[in-house]
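Visitor: The following block contains the structure, expressed as structure tokens.
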Amino acid sequence: MGSIANPPRGAASALFTPLDVANGKIQLKHRVVMAPLTRNRGVPLNADSPNRIWYPGDLMAEHYRQRTTDGGLLISEGIPPSMESNGMPGVAGLWLPEQVEGWKKVTQAVHGAGGHIYAQLWHAGRTTVEPISGLKPVAPSAVVWDDPEECYPYPPPGTDKQVKFVDHPPIELTVDHIKRTIADFAQAAKNALKAGFDGVEVHGGNGYLVEQFLLSNVNQRTDDYGGSPEKRCRFVLELMDELAKAIGEENLAIRLSPFGAFNQARGIERLETWGHLCRELKKNHPALSYVSFIEPRFEQIFASAEKEKMLQEWGVADIDLSVFRETFNAGPKPTPFFSAGGWNDTNSWGVIESGRYDALVYGRFFTSNPDLVERLEKGLPLRAYDRARFYGPFPDNEVCYTDYPSWEEEVAKAEKEGRQILIEETADGGKRIKGIAEKEGSGGPTLCL
């Protein structure tokens with residue numbers, strides 16, 4: 001699975017070849033997958049303050065429609081399966097009839113454009129605060145946030161002042177509460193299929209509840225759900241068992257970040273824990289739709305010494321996803337293996353051909369390029385994304401959400417106005433749209449897009 005010298009780019013790449021998922025029920029026409037992107041653009045269910053429930057409206061449906069391609073796969077933003085699980089304002093859940101109806105608008109828009117869409121189920125666990133959900137945050141253990149000054153990023157409803165995580169510590173889930181949480185996921189998975197989703201992806205990464213059970217620094221239990229790599233995996237394995245019973249394992253997927261550091265993911269025994277988890281998933285659910293892994297990019301590690309310290313604690317010299325790829329490649333039928341994290345128009349080529357992964361999952365560039373698939377296929381320049389507009393809610397939710405033009409629309413607009421699109425090269429050879437300008441010789445100013 002080495003690198004490919006001078007790999008084919010654009011339409012000639014294996015990125016634009018078919019791939020079967022859902023145990024053969026769905027054939028994708030290409031392997032550019034839209035990542036789950038939290039954008040906080042839901043509609044509040046209650047006019048009264050504080051509103052704690054949101055559902056998808058027409059704006060969200062349009063956002064997904066714009067990013068749909070014929071035979072392409074989109075993963076929804078993280079969807080909380082219960083009030084307790086929600087970690088952010090503006091996030092549409094999937095436990096009420098109004099939310100199911102709202103998501104139907106989204107799935108109908110995607111299917112109408114020829115695409116497929118999975119619902120990502122997400123439980124925030126200890127990364128939320130009581131004023132957001134109105135309920136105590138929950139976690140495998142009542143471990144307090146280890147930064148006494150870190151604030152929850154959003155002021156609670158009805159206020160303009162942030163609160164500190166340490167002032168809203170989580171409660172430890174009892175075994176009965178664990179069973180209720182799994183039941184919430186199972187009901188939400190059924191609601192997802194009722195809403196028209198083609199399948200369900202469990203968010204098992206980024207330091208949220210599912211991963212919290214896997215992390216030795218957060219899961220300090222001494223019962224059957226903690227204390228060893230095998231026991232720390234029990235919650236995830238029971239969750240996947242119940243979801244498979246609820247909707248069929250061929251309609252089920254999971255996202256994992258075995259080498260992540262986000263949301264205070266400081267746990268050790270990474271290879272032992274995630275290795276056991278993946279072997280059990282492959283053994284118990286050989287017909288999973290796909291598995292999606294986040295690349296080990298260390299965004300939250302700010303010095304090389306910190307990275308080296310973590311690797312030493314994990315007992316490895318270096319890290320990549322190959323050991324997990326091998327696990328899911330085993331057996332008579334390999335499980336489709338997706339990779340997410342940092343893919344763009346310069347580093348995507350030759351990856352599928354090398355056999356490292358079966359599909360690549362793109363996030364940030366999908367925010368600003370609704371036609372990202374076409375731009376990659378045709379070698380067209382990408383529009384840079386705007387981090388400041390990633391996470392709403394905003395008074396003008398449509399800005400940098402549904403108002404990004406396709407390349408075709410940009411060209412038509414420039415031609416109509418008698419102007420030209422300015423393109424620049426990045427240091428690694430990519431192409432970015434810099435702005436638009438008056439035609440050469442007009443003397444007019446250069447205007448940023």
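Quick note on naming: the chains in the structure tokens go A, B, ... in the order shown, residues restart at 1 in each chain, and ligands are numbered from 1 in order of appearance.
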Which of segment 251-390 of chain A end up as helix (DSSP H, G or I) when DSSP is run on this backbone - answer as number ranges by chain?
Guide: A: 251, 270-284, 304-314, 322-329, 351-354, 364-368, 372-378, 387-389
Visitor: Using only C-alpha atoms, which residues sit within 9 Å of Arg266 of chain A once same-chain residues fewer than 3 positions away are excluded, as a PyMOL selection string?
Guide: chain A and resi 215-218+260-263+310
Visitor: Can you tell me, as a list in words, which residues in segment 260-444 of chain A count as strand (DSSP E or B) by DSSP?
Guide: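 DSSP-assigned strand (DSSP E or B) residues in segment 260-444 of chain A: Tyr290, Val291, Ser292, Phe293, Ile294, Phe337, Phe338, Ser339, Ala340, Ala359, Leu360, Val361, Tyr362, Leu382, Arg419, Gln420, Ile421, Leu422, Ile423, Glu424, Glu425, Lys431, Arg432, Ile433, Lys434, Gly435, Ile436, Ala437 and Glu438 of chain A.
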Visitor: Now that the selection is made, can you save its residues with C-alpha atoms as a PDB file, in the first residue's frame?
Guide:
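And here's result.pdb as it stands now:
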ATOM      1  CA  TYR A 290     -18.533   1.179   5.889  1.00  0.00           C
ATOM      2  CA  VAL A 291     -16.138   2.452   8.543  1.00  0.00           C
ATOM      3  CA  SER A 292     -14.795   6.011   8.551  1.00  0.00           C
ATOM      4  CA  PHE A 293     -11.534   6.989  10.262  1.00  0.00           C
ATOM      5  CA  ILE A 294     -10.139  10.425  11.045  1.00  0.00           C
ATOM      6  CA  PHE A 337     -12.739   1.971   4.623  1.00  0.00           C
ATOM      7  CA  PHE A 338     -13.060   5.779   4.469  1.00  0.00           C
ATOM      8  CA  SER A 339     -10.468   8.358   5.514  1.00  0.00           C
ATOM      9  CA  ALA A 340     -11.229  11.920   6.624  1.00  0.00           C
ATOM     10  CA  ALA A 359     -13.048   6.619  -0.273  1.00  0.00           C
ATOM     11  CA  LEU A 360     -11.965  10.062   0.920  1.00  0.00           C
ATOM     12  CA  VAL A 361     -14.125  12.262   3.122  1.00  0.00           C
ATOM     13  CA  TYR A 362     -13.964  16.039   2.600  1.00  0.00           C
ATOM     14  CA  LEU A 382     -11.296  25.894  -5.154  1.00  0.00           C
ATOM     15  CA  ARG A 419     -14.662  40.914 -15.456  1.00  0.00           C
ATOM     16  CA  GLN A 420     -12.158  38.128 -14.873  1.00  0.00           C
ATOM     17  CA  ILE A 421     -11.666  35.575 -12.126  1.00  0.00           C
ATOM     18  CA  LEU A 422      -8.289  35.847 -10.432  1.00  0.00           C
ATOM     19  CA  ILE A 423      -6.623  32.537  -9.539  1.00  0.00           C
ATOM     20  CA  GLU A 424      -3.534  31.926  -7.422  1.00  0.00           C
ATOM     21  CA  GLU A 425      -1.464  28.834  -6.685  1.00  0.00           C
ATOM     22  CA  LYS A 431      -5.484  26.441  -7.173  1.00  0.00           C
ATOM     23  CA  ARG A 432      -7.547  28.966  -5.236  1.00  0.00           C
ATOM     24  CA  ILE A 433      -9.890  31.717  -6.325  1.00  0.00           C
ATOM     25  CA  LYS A 434      -8.349  35.000  -5.223  1.00  0.00           C
ATOM     26  CA  GLY A 435     -11.069  37.368  -6.390  1.00  0.00           C
ATOM     27  CA  ILE A 436     -12.523  39.056  -9.444  1.00  0.00           C
ATOM     28  CA  ALA A 437     -11.210  42.112 -11.231  1.00  0.00           C
ATOM     29  CA  GLU A 438     -12.049  44.485 -14.032  1.00  0.00           C
TER      30      GLU A 438
END
Visitor: In terms of the shortest atom-to-atom distance over only C-alpha atoms, which of A:Asn251, A:Ser49, A:Asn397, A:Asn284 is closest to Ile26 of chain A?
Guide: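 Among the listed residues, A:Asn251 lies closest to Ile26 of chain A.
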Visitor: Env of Pro334 of chain A: 10 Å cut, atoms = only C-alpha atoms, seq-sep filter 2 positions within chain, self excluded. Answer as a JSON list (two decimals) with C-alpha atoms, in the first residue's frame.
Guide:
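What ended up in result.json:
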[["chain", "number", "residue", "atom", "x", "y", "z"],
["A", 23, "ASN", "CA", -23.22, -4.59, 1.75],
["A", 282, "LYS", "CA", -15.40, -6.89, 12.15],
["A", 286, "PRO", "CA", -19.01, -8.22, 8.94],
["A", 287, "ALA", "CA", -21.67, -6.56, 6.77],
["A", 288, "LEU", "CA", -21.28, -3.00, 8.13],
["A", 290, "TYR", "CA", -18.53, 1.18, 5.89],
["A", 325, "ARG", "CA", -7.34, -0.98, 7.47],
["A", 326, "GLU", "CA", -5.91, -4.49, 7.70],
["A", 327, "THR", "CA", -8.53, -5.50, 10.27],
["A", 328, "PHE", "CA", -11.45, -4.38, 8.14],
["A", 329, "ASN", "CA", -9.88, -5.75, 4.97],
["A", 330, "ALA", "CA", -9.78, -9.25, 6.43],
["A", 331, "GLY", "CA", -12.27, -11.99, 5.69],
["A", 332, "PRO", "CA", -14.13, -12.96, 2.55],
["A", 336, "PRO", "CA", -15.30, -0.22, 2.85],
["A", 337, "PHE", "CA", -12.74, 1.97, 4.62]]
Visitor: At a cut-off of 10 Å, using only C-alpha atoms, what residues contact Val166 of chain A? Leave out same-chain residues fewer than 4 positions from it and give the result as number ranges by chain.
Guide: A: 129, 143-152, 170
Visitor: Using only C-alpha atoms, which protein or nucleic acid residues come within 12 Å of Lys25 of chain A? Drop anything in the same chain fewer than 3 positions from it, and give the result as a list in words.
Guide: Leu19, Asp20, Val21, Ala22, Leu28, His116, Asp198, Gly199, Glu249, Glu250, Asn251, Ala287, Leu288 and Ser289 of chain A
Visitor: Could you tell me how far atom CA of Ala427 of chain A lies from atom CA of Arg356 of chain A, in Å and to one decimal?
Guide: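 Between these atoms lies a distance of 25.2 Å.
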Visitor: Taking only C-alpha atoms into account, which of A:Ala412, A:Ala109, A:Leu59, A:Cys233 comes nearest Ala195 of chain A?
Guide: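 When distances to Ala195 of chain A are compared using only C-alpha atoms, the smallest one comes from A:Ala109.
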Visitor: Rounded to one decimal, what separation in Å do you get between atom CA of Thr273 of chain A and atom CA of Arg232 of chain A?
Guide: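 Calculated distance between atom CA of Thr273 of chain A and atom CA of Arg232 of chain A is 7.4 Å.
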Visitor: Find the residues near Pro157 of chain A: any atom within 10 Å, counting only C-alpha atoms, skip ones fewer than 5 places away on the same chain, and give them as a VMD selection string.
Guide: chain A and resid 49 to 52 89 131 to 133
Visitor: Could you dump the residues just selected with C-alpha atoms as a PDB file, in the first residue's frame?
Guide:
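New file out.pdb:
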ATOM      1  CA  SER A  49     -36.673  31.500  25.451  1.00  0.00           C
ATOM      2  CA  PRO A  50     -34.777  29.443  26.222  1.00  0.00           C
ATOM      3  CA  ASN A  51     -35.419  27.249  23.196  1.00  0.00           C
ATOM      4  CA  ARG A  52     -33.492  23.975  23.408  1.00  0.00           C
ATOM      5  CA  PRO A  89     -27.381  25.447  19.875  1.00  0.00           C
ATOM      6  CA  PRO A 131     -27.846  25.442  30.395  1.00  0.00           C
ATOM      7  CA  ILE A 132     -27.802  24.141  26.800  1.00  0.00           C
ATOM      8  CA  SER A 133     -29.853  20.968  27.279  1.00  0.00           C
TER       9      SER A 133
END
Visitor: Got a sec: who's within 9 Å of Glu272 of chain A, counting only C-alpha atoms, leaving out chain neighbours fewer than 4 positions off, as a PDB file with C-alpha atoms, in the first residue's frame?
Guide:
ATOM      1  CA  PRO A 229      -9.096  -1.919  26.875  1.00  0.00           C
ATOM      2  CA  GLU A 230     -11.660  -4.705  26.428  1.00  0.00           C
ATOM      3  CA  ILE A 268      -3.454   5.746  26.645  1.00  0.00           C
ATOM      4  CA  HIS A 276      -9.830  -4.753  20.177  1.00  0.00           C
ATOM      5  CA  LEU A 277     -12.805  -2.606  19.202  1.00  0.00           C
TER       6      LEU A 277
END
Visitor: Rank A:Ala139, A:Val32, A:Val100, A:Val202 by their smallest atom-to-atom distance to Glu377 of chain A, using only C-alpha atoms, and report the top residue only.
Guide: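 Smallest distance to Glu377 of chain A is found for A:Val32.
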Visitor: Which of these, A:Leu173, A:Leu45, A:Val33, A:Ile319, has the shortest distance to Leu15 of chain A once you count only C-alpha atoms?
Guide: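 Between A:Leu173, A:Leu45, A:Val33, A:Ile319, the residue approaching Leu15 of chain A most closely is A:Val33.
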Visitor: So, with only C-alpha atoms as the atoms that count, which of A:Asp58, A:Thr128, A:Ile117, A:Thr346 lies closest to Met88 of chain A?
Guide: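 Of A:Asp58, A:Thr128, A:Ile117, A:Thr346, the one nearest Met88 of chain A, counting only C-alpha atoms, is A:Thr128.
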Visitor: Can you check which parts of segment 310-384 of chain A lie within 10 Å of segment 66-70 of chain A? Per residue, the shortest pair of atoms and distance in Å to one decimal, counting only C-alpha atoms, sorted by chain and number, as CSV.
Guide:
residue,atom,partner,partner_atom,distance
A:Phe366,CA,A:Arg67,CA,7.4
A:Thr367,CA,A:Arg67,CA,8.9
A:Asn369,CA,A:Arg67,CA,8.1
A:Pro370,CA,A:Arg67,CA,4.6
A:Asp371,CA,A:Arg67,CA,6.1
A:Leu372,CA,A:Arg67,CA,7.7
A:Val373,CA,A:Thr69,CA,7.6
A:Glu374,CA,A:Thr69,CA,8.8
Visitor: For a quick check of understanding, using only C-alpha atoms, which of A:Trp54, A:Phe16, A:Tyr64, A:Trp103 has the smallest distance to Phe197 of chain A?
Guide: A:Trp103
Visitor: Could you work out how far atom CA of Ser141 of chain A lies from atom CA of Ser257 of chain A, giving the answer in Å with one decimal?
Guide: 20.3 Å
